[in-house]
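Peer 1: File entry-v9.tsv follows (TSV, C-alpha atoms):
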chain	number	residue	atom	x	y	z
A	1	MET	CA	0.00	0.00	0.00
A	2	TRP	CA	2.94	2.34	0.61
A	3	ALA	CA	3.92	2.18	-3.05
A	4	MET	CA	0.41	3.02	-4.18
A	5	SER	CA	0.09	6.10	-2.03
A	6	SER	CA	3.53	7.66	-2.53
A	7	ARG	CA	4.55	6.69	-6.08
A	8	GLY	CA	3.13	6.68	-9.58
A	9	GLY	CA	0.79	4.14	-11.07
A	10	ALA	CA	3.49	2.19	-12.91
A	11	GLN	CA	5.56	1.64	-9.76
A	12	ALA	CA	2.46	0.68	-7.82
A	13	PHE	CA	1.51	-1.83	-10.51
A	14	ILE	CA	4.90	-3.53	-10.71
A	15	THR	CA	5.16	-3.70	-6.93
A	16	THR	CA	1.70	-5.23	-6.60
A	17	TRP	CA	2.17	-7.55	-9.57
A	18	SER	CA	5.47	-8.90	-8.26
A	19	ALA	CA	3.90	-9.57	-4.85
A	20	VAL	CA	0.97	-11.41	-6.45
A	21	MET	CA	3.35	-13.45	-8.64
A	22	LEU	CA	5.40	-14.41	-5.59
A	23	ILE	CA	2.30	-15.53	-3.67
A	24	VAL	CA	1.09	-17.59	-6.65
A	25	LEU	CA	4.55	-19.13	-7.04
A	26	CYS	CA	4.56	-20.12	-3.36
A	27	MET	CA	1.10	-21.69	-3.56
A	28	VAL	CA	1.79	-23.59	-6.78
A	29	GLY	CA	5.19	-24.69	-5.49
A	30	THR	CA	3.67	-26.05	-2.30
A	31	ILE	CA	1.11	-28.05	-4.26
A	32	ILE	CA	3.72	-29.44	-6.67
A	33	MET	CA	6.23	-30.36	-3.96
A	34	ARG	CA	3.57	-32.12	-1.88
A	35	LYS	CA	1.46	-33.82	-4.51
A	36	PHE	CA	2.82	-33.92	-8.05
A	37	HIS	CA	6.27	-35.51	-8.06
A	38	ASN	CA	6.75	-36.09	-11.76
A	39	SER	CA	9.31	-34.62	-14.09
A	40	VAL	CA	6.87	-32.36	-15.96
A	41	PHE	CA	5.56	-30.55	-12.89
A	42	VAL	CA	8.93	-30.30	-11.15
A	43	GLY	CA	10.51	-28.99	-14.36
A	44	ALA	CA	7.73	-26.43	-14.87
A	45	PHE	CA	8.10	-25.31	-11.26
A	46	LEU	CA	11.86	-25.02	-11.68
A	47	GLY	CA	11.35	-22.89	-14.79
A	48	ALA	CA	8.85	-20.67	-12.96
A	49	VAL	CA	11.31	-20.14	-10.10
A	50	VAL	CA	14.09	-19.18	-12.53
A	51	ALA	CA	11.73	-16.81	-14.38
A	52	ALA	CA	10.67	-15.20	-11.09
A	53	SER	CA	14.30	-14.78	-10.10
A	54	GLN	CA	15.03	-13.02	-13.38
A	55	MET	CA	11.92	-10.85	-12.97
A	56	PHE	CA	13.05	-9.67	-9.54
A	57	PHE	CA	16.55	-8.98	-10.83
A	58	LEU	CA	15.10	-6.83	-13.61
A	59	LEU	CA	12.93	-5.04	-11.05
A	60	PHE	CA	16.10	-4.36	-9.06
A	61	LEU	CA	17.62	-2.71	-12.13
A	62	ILE	CA	14.44	-0.76	-12.87
A	63	PHE	CA	14.30	0.61	-9.34
A	64	LEU	CA	17.96	1.61	-9.60
A	65	GLY	CA	16.94	3.67	-12.63
A	66	PHE	CA	14.09	5.22	-10.63
A	67	ILE	CA	16.63	6.22	-7.95
A	68	ASP	CA	18.66	8.15	-10.52
A	69	ASP	CA	15.56	9.89	-11.84
A	70	ARG	CA	14.40	10.94	-8.38
A	71	VAL	CA	17.87	12.18	-7.38
A	72	GLU	CA	18.09	14.30	-10.57
A	73	ASN	CA	14.70	15.83	-9.73
A	74	GLY	CA	15.76	16.60	-6.16
A	75	MET	CA	13.29	14.14	-4.62
A	76	SER	CA	13.79	11.55	-1.90
A	77	SER	CA	14.79	8.11	-3.16
A	78	ASP	CA	14.71	6.16	0.10
A	79	GLY	CA	11.71	4.09	-0.98
A	80	GLU	CA	13.33	3.07	-4.24
A	81	ARG	CA	16.54	2.13	-2.43
A	82	LEU	CA	14.62	-0.14	-0.07
A	83	THR	CA	12.54	-1.66	-2.85
A	84	SER	CA	15.58	-2.28	-5.08
A	85	PHE	CA	17.40	-3.95	-2.18
A	86	VAL	CA	14.38	-6.18	-1.44
A	87	CYS	CA	14.14	-7.11	-5.13
A	88	LEU	CA	17.83	-8.03	-5.23
A	89	VAL	CA	17.56	-10.17	-2.10
A	90	GLN	CA	14.43	-11.88	-3.45
A	91	SER	CA	16.19	-12.55	-6.75
A	92	LEU	CA	19.17	-14.11	-5.00
A	93	MET	CA	16.95	-16.25	-2.76
A	94	LEU	CA	14.91	-17.52	-5.72
A	95	ALA	CA	18.07	-18.23	-7.71
A	96	SER	CA	19.59	-20.19	-4.83
A	97	PHE	CA	16.35	-22.16	-4.40
A	98	ALA	CA	16.32	-22.91	-8.15
A	99	ALA	CA	19.90	-24.16	-7.94
A	100	LEU	CA	19.01	-26.30	-4.92
A	101	LEU	CA	15.92	-27.68	-6.64
A	102	ALA	CA	17.87	-28.41	-9.84
A	103	GLY	CA	20.58	-30.18	-7.87
A	104	HIS	CA	18.14	-32.40	-5.96
A	105	ARG	CA	15.34	-32.89	-8.48
A	106	SER	CA	16.29	-36.53	-9.07
A	107	GLU	CA	15.93	-37.21	-5.35
A	108	ILE	CA	12.50	-35.56	-5.37
A	109	LEU	CA	11.43	-37.69	-8.32
A	110	ASP	CA	12.87	-40.83	-6.66
A	111	GLN	CA	10.66	-40.23	-3.62
A	112	LYS	CA	7.59	-40.62	-5.81
A	113	ILE	CA	8.94	-43.81	-7.40
A	114	SER	CA	9.76	-45.32	-4.00
A	115	LEU	CA	6.22	-44.60	-2.81
A	116	GLU	CA	4.84	-46.43	-5.86
A	117	ASP	CA	7.22	-49.35	-5.23
A	118	ASP	CA	5.88	-49.68	-1.66
A	119	HIS	CA	2.52	-50.64	-3.17
A	120	PHE	CA	4.01	-53.84	-4.56
A	121	SER	CA	6.10	-54.65	-1.49
A	122	ASP	CA	3.13	-56.34	0.24
A	123	GLY	CA	3.57	-59.50	-1.84
A	124	GLY	CA	1.90	-58.48	-5.09
A	125	ASP	CA	3.65	-57.51	-8.23
A	126	ALA	CA	2.67	-55.81	-11.45
A	127	SER	CA	2.33	-59.10	-13.35
A	128	SER	CA	-0.27	-60.48	-10.91
A	129	TYR	CA	-2.66	-57.57	-11.33
A	130	GLU	CA	-6.10	-58.43	-12.63
A	131	PRO	CA	-8.48	-55.72	-13.78
A	132	PRO	CA	-12.02	-55.74	-12.33
A	133	LYS	CA	-14.54	-57.80	-14.28
A	134	ARG	CA	-17.50	-56.10	-15.87
A	135	ASP	CA	-20.98	-57.50	-15.33
A	136	GLY	CA	-22.84	-58.82	-18.37
A	137	VAL	CA	-19.80	-59.46	-20.54
Using structure tokens, write down the structure from this file.
Peer 2:
Amino acid sequence: MWAMSSRGGAQAFITTWSAVMLIVLCMVGTIIMRKFHNSVFVGAFLGAVVAASQMFFLLFLIFLGFIDDRVENGMSSDGERLTSFVCLVQSLMLASFAALLAGHRSEILDQKISLEDDHFSDGGDASSYEPPKRDGV
């Protein structure tokens, strides 16, 4: 809300949009990491994290440009300094999480496979499976 009341519409929009994108990324990431352990979803999540990291790095650079503009106009640039620092920190945190996720994605995918293997550890195997019979056939 601070950005909306003290800055222009464009800065308010990018600040709000980046916050919404971060919240959506957190929610989708939680769902994928808890439920969908296959290579498509983990890869899409990894790509989204990398894209968000790049977005926050670009926002860092944009806010650095806003600092120069405000200093040239004799205005205070404390808000832009804080926002650019937060964007840089967020970019670095997302990039480190992406590197961590990329490094351990095979272990995440192996957890799903080991859970499926536990189904057959009770004595049954895939060759002994019989589909249910339909009535009237």
Peer 1: Smallest atom-to-atom distance to Phe60 of chain A: which of A:Leu88, A:Leu46, A:Ile108, A:Met75, using only C-alpha atoms?
Peer 2: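 Checking each candidate against Phe60 of chain A, we get A:Leu88 as the closest.
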Peer 1: Using all atoms listed in the file, what residues lie at most 9 Å away from (10.5, -28.1, -10.2) (file coordinates), given as a list in words?
Peer 2: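 In the file's frame, the residues around the point are Gly29, Ile32, Met33, His37, Asn38, Ser39, Val40, Phe41, Val42, Gly43, Ala44, Phe45, Leu46, Gly47, Ala48, Val49, Ala98, Leu101, Ala102 and Arg105 of chain A.
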Peer 1: For atom CA of Ala19 of chain A and atom CA of Phe36 of chain A, determine how far apart the two atoms are, in Å to one decimal place.
Peer 2: 24.6 Å
Peer 1: Ranking A:Ala10, A:Met21, A:Leu58, A:Val28 by minimum distance to Cys87 of chain A and counting only C-alpha atoms, which one comes first?
Peer 2: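 That would be A:Leu58, the residue with the smallest distance to Cys87 of chain A.
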Peer 1: How many Å lie between atom CA of Met55 of chain A and atom CA of Gly74 of chain A, rounded to one decimal?
Peer 2: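 We find that atom CA of Met55 of chain A and atom CA of Gly74 of chain A lie 28.5 Å from each other.
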Peer 1: Determine the nearest neighbour of Ala52 of chain A from the options A:Thr83, A:Ser96, A:Ser77, A:Gln11, counting all atoms listed in the file.
Peer 2: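 Of all the options, A:Ser96 lies closest to Ala52 of chain A.
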Peer 1: The residues within 12 Å of (14.4, 4.0, -11.4), using all atoms listed in the file and the coordinates of the file, should be reported as an MDAnalysis selection string; which are they?
Peer 2: chainID A and resid 7:8 10:11 58:73 77:81 83:84
Peer 1: Export, as a PDB file, in the coordinates of the input, the selected residues with C-alpha atoms.
Peer 2:
ATOM      1  CA  ARG A   7       4.550   6.690  -6.080  1.00  0.00           C
ATOM      2  CA  GLY A   8       3.130   6.680  -9.580  1.00  0.00           C
ATOM      3  CA  ALA A  10       3.490   2.190 -12.910  1.00  0.00           C
ATOM      4  CA  GLN A  11       5.560   1.640  -9.760  1.00  0.00           C
ATOM      5  CA  LEU A  58      15.100  -6.830 -13.610  1.00  0.00           C
ATOM      6  CA  LEU A  59      12.930  -5.040 -11.050  1.00  0.00           C
ATOM      7  CA  PHE A  60      16.100  -4.360  -9.060  1.00  0.00           C
ATOM      8  CA  LEU A  61      17.620  -2.710 -12.130  1.00  0.00           C
ATOM      9  CA  ILE A  62      14.440  -0.760 -12.870  1.00  0.00           C
ATOM     10  CA  PHE A  63      14.300   0.610  -9.340  1.00  0.00           C
ATOM     11  CA  LEU A  64      17.960   1.610  -9.600  1.00  0.00           C
ATOM     12  CA  GLY A  65      16.940   3.670 -12.630  1.00  0.00           C
ATOM     13  CA  PHE A  66      14.090   5.220 -10.630  1.00  0.00           C
ATOM     14  CA  ILE A  67      16.630   6.220  -7.950  1.00  0.00           C
ATOM     15  CA  ASP A  68      18.660   8.150 -10.520  1.00  0.00           C
ATOM     16  CA  ASP A  69      15.560   9.890 -11.840  1.00  0.00           C
ATOM     17  CA  ARG A  70      14.400  10.940  -8.380  1.00  0.00           C
ATOM     18  CA  VAL A  71      17.870  12.180  -7.380  1.00  0.00           C
ATOM     19  CA  GLU A  72      18.090  14.300 -10.570  1.00  0.00           C
ATOM     20  CA  ASN A  73      14.700  15.830  -9.730  1.00  0.00           C
ATOM     21  CA  SER A  77      14.790   8.110  -3.160  1.00  0.00           C
ATOM     22  CA  ASP A  78      14.710   6.160   0.100  1.00  0.00           C
ATOM     23  CA  GLY A  79      11.710   4.090  -0.980  1.00  0.00           C
ATOM     24  CA  GLU A  80      13.330   3.070  -4.240  1.00  0.00           C
ATOM     25  CA  ARG A  81      16.540   2.130  -2.430  1.00  0.00           C
ATOM     26  CA  THR A  83      12.540  -1.660  -2.850  1.00  0.00           C
ATOM     27  CA  SER A  84      15.580  -2.280  -5.080  1.00  0.00           C
TER      28      SER A  84
END
Peer 1: I'd like the interatomic distance between atom CA of Leu92 of chain A and atom CA of Ser53 of chain A, to a tenth of an Å.
Peer 2: 7.1 Å
Peer 1: With 3 Å of padding per side, what axis-aligned box (centre and edge lengths, Å, one decimal) covers all the listed atoms of segment 24-29 of chain A? Give it as lines of an AutoDock Vina configuration file.
Peer 2:
center_x = 3.1
center_y = -21.1
center_z = -5.2
size_x = 10.1
size_y = 13.1
size_z = 9.7
